[in-house]
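Okay, my_file_33.txt now, which holds compact mmCIF, C-alpha atoms:
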# COMPACT_ATOMS: atom_id res chain seq x y z
CA MET A 3 -46.66 -5.84 -2.95
CA ASP A 4 -46.89 -7.14 0.58
CA THR A 5 -43.99 -5.42 2.24
CA GLN A 6 -43.66 -8.01 4.97
CA SER A 7 -43.75 -11.02 2.67
CA GLU A 8 -40.83 -13.30 2.16
CA PRO A 9 -38.64 -12.36 -0.78
CA SER A 10 -39.46 -14.25 -3.92
CA LEU A 11 -35.86 -15.16 -4.72
CA ARG A 12 -33.09 -16.26 -2.41
CA ARG A 13 -29.59 -17.46 -3.15
CA GLU A 14 -27.00 -18.65 -0.63
CA PHE A 15 -23.37 -19.54 -1.10
CA HIS A 16 -20.03 -19.50 0.68
CA ALA A 17 -17.49 -16.76 -0.07
CA MET A 18 -15.01 -14.55 1.76
CA GLY A 19 -14.84 -17.01 4.63
CA THR A 20 -18.52 -16.71 5.46
CA GLU A 21 -22.03 -17.45 4.26
CA ILE A 22 -23.50 -15.02 1.74
CA GLU A 23 -27.24 -14.53 1.36
CA LEU A 24 -28.88 -12.69 -1.54
CA LEU A 25 -32.59 -11.85 -1.26
CA LEU A 26 -34.41 -10.33 -4.21
CA ASP A 27 -38.05 -9.37 -4.40
CA ALA A 28 -38.69 -9.81 -8.09
CA GLU A 29 -40.42 -12.14 -10.48
CA ASP A 30 -38.42 -15.23 -11.18
CA GLY A 31 -37.05 -15.01 -14.67
CA GLU A 32 -33.91 -14.75 -16.73
CA ARG A 33 -33.23 -11.14 -15.71
CA ALA A 34 -33.59 -11.78 -11.99
CA GLN A 35 -31.54 -14.97 -12.13
CA SER A 36 -28.89 -13.20 -14.15
CA ALA A 37 -28.72 -10.44 -11.53
CA LEU A 38 -28.34 -13.01 -8.73
CA ARG A 39 -25.60 -14.75 -10.70
CA ALA A 40 -23.81 -11.47 -11.36
CA ALA A 41 -23.97 -10.51 -7.67
CA ALA A 42 -22.53 -13.90 -6.65
CA GLU A 43 -19.78 -13.59 -9.24
CA GLU A 44 -18.96 -10.15 -7.91
CA PHE A 45 -18.27 -11.66 -4.49
CA GLU A 46 -16.03 -14.31 -6.02
CA ARG A 47 -14.19 -11.75 -8.15
CA LEU A 48 -13.57 -9.43 -5.22
CA GLU A 49 -12.47 -12.28 -2.96
CA ALA A 50 -9.93 -13.36 -5.58
CA MET A 51 -8.57 -9.82 -5.53
CA LEU A 52 -8.79 -8.81 -1.86
CA SER A 53 -8.06 -11.97 0.12
CA ARG A 54 -4.87 -11.99 2.17
CA PHE A 55 -5.06 -15.79 2.27
CA ARG A 56 -4.82 -16.30 -1.47
CA PRO A 57 -1.20 -16.04 -2.60
CA GLU A 58 -2.23 -15.10 -6.14
CA SER A 59 -4.56 -12.26 -5.12
CA GLU A 60 -3.59 -8.71 -5.99
CA LEU A 61 -3.59 -7.86 -2.28
CA SER A 62 -1.09 -10.66 -1.62
CA ARG A 63 1.09 -9.37 -4.45
CA LEU A 64 0.96 -5.90 -2.95
CA ASN A 65 1.92 -7.27 0.46
CA ARG A 66 4.73 -9.34 -1.07
CA ASP A 67 6.25 -6.68 -3.32
CA GLY A 68 5.35 -3.55 -1.38
CA HIS A 69 3.92 -1.94 -4.51
CA ILE A 70 1.52 -2.74 -7.33
CA LEU A 71 -0.21 -1.20 -10.31
CA ALA A 72 -3.57 -1.86 -8.74
CA PRO A 73 -6.80 -2.79 -10.46
CA PRO A 74 -9.49 -0.14 -9.85
CA ASP A 75 -11.33 -2.07 -7.12
CA LEU A 76 -8.20 -2.64 -5.04
CA GLU A 77 -7.27 1.02 -5.45
CA ARG A 78 -10.78 2.02 -4.37
CA VAL A 79 -10.90 -0.23 -1.28
CA VAL A 80 -7.43 0.80 -0.13
CA GLY A 81 -8.45 4.43 -0.68
CA LEU A 82 -11.62 3.96 1.37
CA ALA A 83 -9.64 2.23 4.13
CA LEU A 84 -7.17 5.12 4.24
CA ASP A 85 -10.04 7.62 4.34
CA ALA A 86 -11.53 5.64 7.23
CA ARG A 87 -8.20 5.70 9.05
CA GLU A 88 -8.13 9.46 8.73
CA THR A 89 -11.74 10.05 9.80
CA THR A 90 -11.50 7.69 12.79
CA GLY A 91 -8.21 9.12 13.98
CA GLY A 92 -6.44 5.82 13.36
CA ARG A 93 -8.91 3.54 15.17
CA PHE A 94 -9.59 1.85 11.88
CA ASP A 95 -6.36 0.90 10.17
CA PRO A 96 -5.69 -1.29 7.14
CA THR A 97 -2.09 -1.90 8.23
CA VAL A 98 -3.02 -4.20 11.14
CA TYR A 99 -1.95 -7.25 9.11
CA ASP A 100 1.22 -7.88 11.11
CA ALA A 101 -0.53 -7.43 14.46
CA LEU A 102 -3.13 -9.98 13.37
CA THR A 103 -0.59 -12.56 12.29
CA GLN A 104 1.45 -12.01 15.46
CA ALA A 105 -1.69 -12.56 17.51
CA GLY A 106 -2.07 -15.93 15.79
CA TYR A 107 -4.51 -15.16 12.99
CA ASP A 108 -2.05 -16.05 10.27
CA ARG A 109 -4.24 -18.35 8.21
CA SER A 110 -7.87 -18.78 7.26
CA PHE A 111 -9.83 -18.87 10.51
CA GLU A 112 -10.97 -22.47 10.01
CA GLN A 113 -7.30 -23.46 10.22
CA VAL A 114 -6.38 -21.39 13.27
CA GLU A 115 -5.71 -23.59 16.30
CA PRO A 116 -8.43 -22.75 18.83
CA ASP A 117 -6.11 -23.33 21.77
CA ALA A 118 -2.35 -23.68 21.44
CA GLU A 119 0.89 -22.85 23.14
CA GLY A 120 2.42 -19.50 22.41
CA GLY A 121 4.03 -16.71 24.29
CA ASP A 122 3.45 -13.01 24.22
CA PRO A 123 2.71 -11.92 20.65
CA GLY A 124 4.76 -8.77 21.10
CA VAL A 125 3.69 -5.44 19.76
CA ALA A 126 3.34 -5.14 16.01
CA ARG A 127 3.53 -1.69 14.52
CA CYS A 128 0.43 -0.27 12.86
CA GLY A 129 -0.16 3.01 11.03
CA GLY A 130 2.18 2.30 8.14
CA ARG A 131 2.37 4.82 5.32
CA VAL A 132 0.42 3.83 2.22
CA THR A 133 0.42 5.97 -0.90
CA ILE A 134 -1.83 5.81 -3.94
CA ASP A 135 -1.00 7.52 -7.22
CA PRO A 136 -4.41 8.34 -8.71
CA ALA A 137 -2.89 8.95 -12.13
CA THR A 138 -1.55 5.42 -12.52
CA GLY A 139 -3.32 3.44 -9.81
CA ALA A 140 0.03 2.56 -8.25
CA ILE A 141 -0.10 1.68 -4.55
CA GLU A 142 3.01 1.62 -2.37
CA ILE A 143 3.32 0.47 1.25
CA GLU A 144 6.00 1.59 3.66
CA PRO A 145 8.57 -1.21 4.04
CA GLY A 146 7.84 -3.44 7.01
CA PHE A 147 4.06 -3.02 6.81
CA HIS A 148 1.34 -5.11 5.20
CA ILE A 149 -2.34 -4.55 4.51
CA ASP A 150 -5.43 -6.46 5.59
CA LEU A 151 -8.73 -5.58 3.90
CA GLY A 152 -10.85 -8.23 5.60
CA GLY A 153 -14.01 -6.57 6.85
CA ILE A 154 -13.90 -3.48 4.67
CA GLY A 155 -13.45 -5.71 1.63
CA LYS A 156 -16.55 -7.62 2.63
CA GLY A 157 -18.47 -4.38 3.15
CA TYR A 158 -17.33 -3.20 -0.28
CA ALA A 159 -18.51 -6.47 -1.84
CA VAL A 160 -21.92 -6.10 -0.14
CA ASP A 161 -22.26 -2.54 -1.46
CA ARG A 162 -21.30 -3.67 -4.95
CA ALA A 163 -23.61 -6.68 -4.97
CA ILE A 164 -26.60 -4.68 -3.71
CA GLU A 165 -26.16 -2.21 -6.57
CA ILE A 166 -26.24 -5.09 -9.04
CA LEU A 167 -29.40 -6.60 -7.53
CA ALA A 168 -31.19 -3.28 -7.01
CA VAL A 169 -31.73 -2.93 -10.74
CA GLU A 170 -34.19 -5.84 -10.57
CA GLY A 171 -36.11 -4.89 -7.44
CA PRO A 172 -36.01 -4.49 -3.67
CA CYS A 173 -33.16 -6.58 -2.32
CA LEU A 174 -30.98 -7.48 0.65
CA VAL A 175 -27.40 -8.78 0.68
CA ASN A 176 -26.07 -10.35 3.85
CA ALA A 177 -22.43 -11.40 4.13
CA GLY A 178 -22.10 -12.97 7.55
CA GLY A 179 -23.13 -9.90 9.48
CA ASP A 180 -22.46 -7.11 6.98
CA LEU A 181 -25.75 -6.47 5.22
CA ALA A 182 -27.40 -3.80 3.12
CA VAL A 183 -30.84 -3.26 1.61
CA ARG A 184 -32.12 -1.30 -1.39
CA GLY A 185 -35.49 -0.59 -2.89
CA ASP A 186 -37.43 1.10 -0.10
CA LYS A 187 -38.99 -2.13 1.09
CA PRO A 188 -38.85 -2.81 4.84
CA TRP A 189 -36.78 -5.89 5.65
CA PRO A 190 -37.05 -7.33 9.17
CA VAL A 191 -33.52 -8.24 10.20
CA GLY A 192 -32.79 -10.26 13.32
CA VAL A 193 -29.98 -8.83 15.42
CA GLU A 194 -28.10 -11.09 17.77
CA ASP A 195 -29.10 -10.55 21.40
CA GLY A 196 -31.30 -7.65 20.33
CA PRO A 197 -34.63 -6.74 18.80
CA THR A 198 -35.59 -7.32 15.19
CA LEU A 199 -34.83 -4.20 13.16
CA GLU A 200 -36.96 -3.22 10.21
CA LEU A 201 -34.44 -1.83 7.77
CA THR A 202 -35.92 0.05 4.83
CA ARG A 203 -32.84 1.92 3.74
CA GLY A 204 -29.23 1.54 4.78
CA ALA A 205 -26.91 -1.16 6.08
CA ILE A 206 -26.05 -3.07 9.24
CA ALA A 207 -22.73 -4.45 10.46
CA THR A 208 -21.78 -6.29 13.61
CA SER A 209 -18.29 -6.46 15.11
CA GLY A 210 -17.46 -8.56 18.11
CA ARG A 211 -14.88 -10.66 19.87
CA ASP A 212 -17.19 -13.54 20.69
CA ARG A 213 -16.88 -15.37 17.41
CA ARG A 214 -13.39 -15.06 15.93
CA HIS A 215 -11.31 -15.73 18.96
CA TRP A 216 -8.69 -18.26 20.06
CA ARG A 217 -6.21 -18.88 22.86
CA ARG A 218 -2.43 -18.78 22.88
CA GLY A 219 -0.57 -19.83 25.99
CA GLY A 220 -3.80 -19.62 27.97
CA GLU A 221 -4.42 -16.03 26.86
CA GLU A 222 -7.62 -15.07 25.06
CA ARG A 223 -7.06 -13.39 21.69
CA HIS A 224 -9.40 -12.13 19.00
CA HIS A 225 -9.29 -10.51 15.58
CA LEU A 226 -10.19 -6.92 16.44
CA ILE A 227 -6.83 -5.22 16.74
CA ASP A 228 -6.38 -1.90 18.49
CA PRO A 229 -3.93 -0.06 16.19
CA SER A 230 -2.71 2.09 19.08
CA THR A 231 -1.38 -0.99 20.92
CA GLY A 232 -0.91 -3.43 18.06
CA ARG A 233 -2.75 -6.08 20.10
CA PRO A 234 -6.29 -7.47 20.29
CA ALA A 235 -8.47 -4.65 21.66
CA GLN A 236 -9.50 -4.71 25.30
CA THR A 237 -12.83 -3.01 25.87
CA ASP A 238 -15.92 -3.52 27.99
CA LEU A 239 -17.86 -4.45 24.88
CA VAL A 240 -18.37 -7.91 23.50
CA ARG A 241 -20.19 -6.94 20.35
CA VAL A 242 -21.46 -3.85 18.54
CA THR A 243 -24.16 -3.75 15.84
CA VAL A 244 -24.34 -0.52 13.86
CA VAL A 245 -26.83 0.89 11.36
CA ALA A 246 -25.40 3.21 8.69
CA SER A 247 -25.99 4.24 5.11
CA THR A 248 -23.61 1.74 3.48
CA ALA A 249 -22.07 -1.58 4.48
CA ILE A 250 -18.58 -0.08 4.39
CA GLU A 251 -19.61 2.78 6.67
CA ALA A 252 -21.37 0.38 9.04
CA ASP A 253 -18.31 -1.88 9.14
CA VAL A 254 -15.94 0.99 9.94
CA LEU A 255 -18.29 2.42 12.57
CA ALA A 256 -18.84 -0.96 14.22
CA LYS A 257 -15.10 -1.45 14.71
CA THR A 258 -14.51 2.10 15.79
CA LEU A 259 -17.30 1.96 18.39
CA PHE A 260 -16.10 -1.45 19.59
CA LEU A 261 -12.60 -0.10 20.22
CA GLY A 262 -13.97 3.00 21.94
CA GLY A 263 -15.90 1.09 24.59
CA GLU A 264 -19.39 1.61 26.00
CA GLN A 265 -19.20 5.27 26.99
CA GLU A 266 -17.74 6.47 23.71
CA ALA A 267 -20.02 4.27 21.66
CA ALA A 268 -23.10 5.52 23.50
CA ALA A 269 -22.06 9.14 23.02
CA ALA A 270 -21.28 8.81 19.32
CA GLY A 271 -24.86 9.34 18.20
CA VAL A 272 -24.72 6.35 15.87
CA PRO A 273 -27.73 3.97 15.86
CA ALA A 274 -26.28 0.88 17.49
CA LEU A 275 -26.83 -2.07 19.80
CA LEU A 276 -24.06 -2.50 22.37
CA VAL A 277 -23.60 -5.86 24.07
CA LEU A 278 -21.46 -5.50 27.17
CA GLU A 279 -19.17 -7.90 28.92
CA ASP A 280 -21.43 -7.99 31.97
CA GLY A 281 -24.33 -9.16 29.81
CA ARG A 282 -26.14 -5.81 29.53
CA LYS A 283 -27.49 -4.66 26.18
CA ARG A 284 -27.94 -1.01 25.20
CA LEU A 285 -29.75 0.48 22.23
CA VAL A 286 -28.16 3.85 21.49
CA GLY A 287 -28.18 6.57 18.84
CA GLY A 288 -31.98 6.77 18.55
CA LEU A 289 -32.67 3.10 17.94
CA MET B 20 75.65 32.74 -45.36
CA GLY B 21 75.88 31.95 -41.58
CA VAL B 22 72.16 32.61 -41.30
CA ASP B 23 71.41 30.06 -44.05
CA LYS B 24 73.48 27.41 -42.26
CA VAL B 25 71.55 27.95 -39.00
CA THR B 26 68.20 27.82 -40.82
CA ASN B 27 69.18 24.65 -42.51
CA ALA B 28 70.22 23.07 -39.19
CA VAL B 29 66.92 23.95 -37.50
CA GLY B 30 65.06 22.74 -40.56
CA ARG B 31 66.94 19.48 -40.52
CA PHE B 32 66.21 19.02 -36.80
CA TRP B 33 62.44 19.50 -37.31
CA ALA B 34 62.47 17.30 -40.34
CA VAL B 35 64.08 14.49 -38.33
CA ALA B 36 61.71 15.01 -35.40
CA VAL B 37 58.62 14.93 -37.63
CA ALA B 38 59.96 11.88 -39.47
CA LEU B 39 60.45 10.09 -36.15
CA VAL B 40 56.97 10.93 -34.98
CA VAL B 41 55.46 9.80 -38.29
CA PHE B 42 57.53 6.62 -38.08
CA PHE B 43 56.31 5.69 -34.60
CA VAL B 44 52.71 6.53 -35.42
CA LEU B 45 52.86 4.39 -38.53
CA TRP B 46 54.54 1.64 -36.57
CA ALA B 47 51.82 1.72 -33.93
CA VAL B 48 49.09 1.68 -36.57
CA LEU B 49 50.66 -1.19 -38.45
CA ALA B 50 51.35 -3.10 -35.24
CA SER B 51 47.67 -3.01 -34.37
CA LYS B 52 46.85 -4.77 -37.65
CA PRO B 53 43.60 -2.95 -38.26
CA TRP B 54 42.93 -5.07 -41.34
CA VAL B 55 42.74 -8.19 -39.21
CA SER B 56 39.46 -8.75 -37.35
CA GLY B 57 39.58 -9.74 -33.64
CA ALA B 58 39.98 -13.26 -32.44
CA PRO B 59 37.08 -15.43 -33.51
CA ALA B 60 34.50 -15.25 -30.66
CA ASP B 61 32.72 -18.26 -29.25
CA PRO B 62 29.63 -18.69 -31.44
CA ARG B 63 27.60 -19.63 -28.36
CA LEU B 64 28.55 -16.31 -26.77
CA ASN B 65 27.55 -14.47 -29.92
CA ALA B 66 24.24 -16.29 -29.95
CA LEU B 67 23.65 -15.47 -26.29
CA GLN B 68 24.47 -11.80 -26.87
CA ALA B 69 22.13 -11.67 -29.81
CA ARG B 70 19.43 -13.34 -27.82
CA GLU B 71 19.91 -10.96 -24.91
CA GLN B 72 19.63 -7.97 -27.19
CA LYS B 73 16.54 -9.43 -28.82
CA THR B 74 14.94 -10.15 -25.44
CA GLN B 75 15.74 -6.67 -24.17
CA ALA B 76 14.21 -5.14 -27.27
CA ARG B 77 11.14 -7.32 -26.90
CA ALA B 78 10.80 -6.46 -23.18
CA LEU B 79 11.08 -2.78 -23.98
CA ALA B 80 8.45 -3.06 -26.68
CA SER B 81 6.15 -5.04 -24.36
CA GLN B 82 6.59 -2.49 -21.59
CA GLN B 83 5.80 0.32 -23.98
CA THR B 84 2.70 -1.48 -25.21
CA LEU B 85 1.65 -2.18 -21.62
CA ASN B 86 2.18 1.43 -20.58
CA HIS B 87 0.25 2.60 -23.60
CA ARG B 88 -2.66 0.23 -22.90
CA TRP B 89 -2.66 1.04 -19.17
CA ALA B 90 -2.76 4.78 -19.90
CA ALA B 91 -5.61 4.23 -22.38
CA TYR B 92 -7.46 2.09 -19.83
CA ARG B 93 -7.03 4.64 -17.03
CA SER B 94 -8.18 7.40 -19.29
CA ALA B 95 -11.28 5.41 -20.33
CA LEU B 96 -11.96 4.55 -16.69
CA VAL B 97 -11.74 8.16 -15.53
CA LYS B 98 -14.06 9.14 -18.38
CA GLN B 99 -16.50 6.37 -17.47
CA GLN B 100 -16.42 7.27 -13.78
CA GLY B 101 -17.00 10.90 -14.67
CA GLY B 102 -20.03 9.84 -16.71
CA LEU B 103 -21.34 7.70 -13.86
CA SER B 104 -20.87 10.51 -11.37
CA ALA B 105 -22.81 12.87 -13.59
CA GLN B 106 -25.52 10.23 -13.92
CA GLN B 107 -25.59 9.68 -10.16
CA ARG B 108 -25.78 13.42 -9.52
CA ALA B 109 -28.70 13.65 -11.92
CA GLN B 110 -30.43 10.72 -10.20
CA LEU B 111 -29.84 12.24 -6.79
CA ALA B 112 -31.23 15.55 -7.97
CA ALA B 113 -34.30 13.81 -9.37
CA ALA B 114 -34.84 11.54 -6.37
CA PRO B 115 -36.91 12.78 -3.48
CA ALA B 116 -34.70 13.89 -0.63
CA GLY B 117 -34.71 11.52 2.33
CA PRO B 118 -32.58 10.06 5.03
CA SER B 119 -29.86 7.63 4.02
CA VAL B 120 -30.97 5.29 6.81
CA ILE B 121 -34.52 4.24 7.64
CA VAL B 122 -34.74 1.77 10.52
CA LYS B 123 -37.07 0.96 13.38
CA VAL B 124 -37.61 -1.80 15.88
CA THR B 125 -40.30 -4.26 14.85
CA ASN B 126 -41.99 -7.41 16.08
CA ALA B 127 -42.21 -8.92 12.63
CA PRO B 128 -40.45 -12.21 12.07
CA ALA B 129 -37.00 -11.69 10.62
CA VAL B 130 -36.48 -12.67 6.99
CA THR B 131 -32.78 -13.12 7.59
CA HIS B 132 -30.97 -14.32 10.64
CA SER B 133 -27.62 -14.16 9.04
CA THR B 134 -26.08 -17.32 7.90
CA SER B 135 -23.44 -16.19 10.26
CA SER B 136 -19.75 -16.10 9.80
CA ARG B 137 -19.53 -18.87 12.33
CA PRO B 138 -16.32 -20.69 11.55
CA ALA B 139 -16.37 -24.33 10.55
CA ILE B 140 -14.74 -25.32 13.83
CA ALA B 141 -16.38 -24.38 17.07
CA ALA B 142 -14.53 -21.56 18.77
CA PRO B 143 -14.11 -21.83 22.52
CA ALA B 144 -16.53 -19.84 24.60
CA VAL B 145 -15.49 -16.50 26.05
CA PRO B 146 -15.70 -16.69 29.82
CA GLY B 147 -18.68 -14.73 31.07
CA VAL B 148 -20.15 -14.21 27.63
CA PRO B 149 -23.42 -15.88 26.66
CA ALA B 150 -23.30 -18.31 23.79
CA VAL B 151 -23.75 -16.73 20.40
CA VAL B 152 -26.66 -17.72 18.26
CA SER B 153 -26.28 -15.59 15.23
CA GLN B 154 -24.30 -12.98 13.54
CA THR B 155 -21.08 -11.54 14.58
CA GLN B 156 -19.23 -10.15 11.73
CA ALA B 157 -16.06 -11.96 11.13
CA ALA B 158 -13.66 -9.83 9.46
CA SER B 159 -13.36 -11.55 6.32
CA THR B 160 -12.25 -11.48 2.73
CA GLY B 161 -10.84 -14.48 4.07
CA GLN B 162 -11.52 -13.23 7.55
CA GLY B 163 -9.37 -10.34 8.51
CA GLY B 164 -8.92 -8.00 11.38
CA ASN B 165 -10.08 -4.55 12.07
CA GLY B 166 -8.35 -2.95 9.19
CA GLY B 167 -10.18 -5.15 7.17
CA GLY B 168 -12.48 -6.27 9.58
Turn the structure described in the file into structure tokens.
Amino acid sequence: MDTQSEPSLRREFHAMGTEIELLLDAEDGERAQSALRAAAEEFERLEAMLSRFRPESELSRLNRDGHILAPPDLERVVGLALDARETTGGRFDPTVYDALTQAGYDRSFEQVEPDAEGGDPGVARCGGRVTIDPATGAIEIEPGFHIDLGGIGKGYAVDRAIEILAVEGPCLVNAGGDLAVRGDKPWPVGVEDGPTLELTRGAIATSGRDRRHWRRGGEERHHLIDPSTGRPAQTDLVRVTVVASTAIEADVLAKTLFLGGEQEAAAAGVPALLVLEDGRKRLVGGL
Amino acid sequence: MGVDKVTNAVGRFWAVAVALVVFFVLWAVLASKPWVSGAPADPRLNALQAREQKTQARALASQQTLNHRWAAYRSALVKQQGGLSAQQRAQLAAAPAGPSVIVKVTNAPAVTHSTSSRPAIAAPAVPGVPAVVSQTQAASTGQGGNGGG
């Protein structure tokens, strides 16, 4: 097999508020098509469960009622998000929901007014207590807090979909910036404002404030909340692209490095491309 | 003889007292008319009460069934996950050891440029930041923040 050749099968669709791309290097046939279909359905299934913008989703029910007997995937993603909160010392936090909505991101991004009136968003509390009972799958949130599983949910979906496709051959799943590969085939992946990376094993995620941003009362706001302030993070970085073993890990690291700023991100030892506010670009962590 | 008179007087006193007590008890019992059932209740109320009891019983039964099924499901899930973990451990043991990430910079043309999470409406430019061409992750699952994304 020519490792640099284009994949034989490609499927694109819209889900989770972004464009999803499935690439599979396999012979076209019922099995391969079935795997592509199953991977696409997995995205739709997880979006129906994890979206904070769908009132009927299990996540919305959890946010509404404060507790739920969670289906296994919701339990798993919330568990992973809580693990990430612990390992990052709170830089990554699933309870930023209220800070996001206060900042103006209270509806699907396509419906957010790009520039509107609005005063100071105030400081929303983050770091709410969330408990999971592993025996029953019951999740409970501290009153006054709500959960957002945006990016980590997308990373989880990428990791799930890639496992489904990998059975049929080398593959790549790209969900609007969160991507993963399997099958030990090198995949050249273009990185914004950076070099092309040949990814043979692992995942890539990019977090930045240059895409999902808006203005309120003349003030620039974006979707990357600093849980320590409850407001959109202020760092010297515009965007961070991280390489890690899984899409979830890459997603968590990208946000954590973004919040830490250039010096911390460069010292973290994580393979990453940092794009700074002054236009500089830095490849760090052995890239 | 005097002793007999006293005994008789005390006996008479107790006999009267007991008779009075028995009388009032009987009177109270008869006054309550235990042989007459209570006032005829509103049939609609009876129907509602019956329905409430039936619904409560049904809810209880449903909850028990649900709990039973949920417990069975969790147990099957844990068993299945245990099996998968064992399988994964075996696969890992069999697989050649290697890094979890293999990446390098290349000049090859990219096979994916990300279909981008660029929103449908054009977001205003950030002052001092060059225009974006491709992928910035948009926190998603409907596009979330840093908890999610």
*By how many Å are atom CA of Ala34 of chain A and atom CA of Glu200 of chain A apart?*
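Distance between the two atoms: 24.0 Å.
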*Find the residues around segment 128-138 of chain A up to 6 Å (only C-alpha atoms counted), leave out those fewer than 6 positions away in its own chain, and share them as number ranges by chain.*
A: 97-98, 144, 147, 229
*Skip Lys257 of chain A itself and residues of its chain fewer than 2 positions away, then list as number ranges by chain all residues within 12 Å of it, counting all atoms listed in the file.*
A: 86-87, 90, 92-95, 153-154, 207-211, 225-229, 235, 237, 239-244, 250-255, 259-263, 267, 274, 276; B: 155-158, 164-168
*Atomic distance atom CA of Gly179 of chain A - atom CA of Glu88 of chain A, expressed in Å with one decimal*: 24.5 Å
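If you measure from each of A:Asp67, A:Ser230, A:Pro74, A:Ala40 to Ala95 of chain B using only C-alpha atoms, the closest one turns out to be A:Pro74.
Here atom CA of Ala159 of chain A and atom CA of Leu48 of chain A stand 6.7 Å from one another.
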*Which residue, B:Arg93, B:Gln100, B:Ala109, B:Gln82, has the smallest gap to chain A when you use all atoms listed in the file?*
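Of B:Arg93, B:Gln100, B:Ala109, B:Gln82, the one nearest chain A, counting all atoms listed in the file, is B:Arg93.
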*Within 12 Å of Leu285 of chain A using only C-alpha atoms, minus same-chain residues under 4 positions, as a count of residues only*: 24
*B:Leu64, B:Leu45, B:Ala129, B:Leu103: which is nearest chain A, counting only C-alpha atoms?*
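Looking only at the distances to chain A, the closest residue turns out to be B:Ala129.
Here the question is which of A:Thr20, A:Ser10, A:Thr258, A:Gln35 gets nearest to Thr89 of chain A using all atoms listed in the file, and that residue is A:Thr258.
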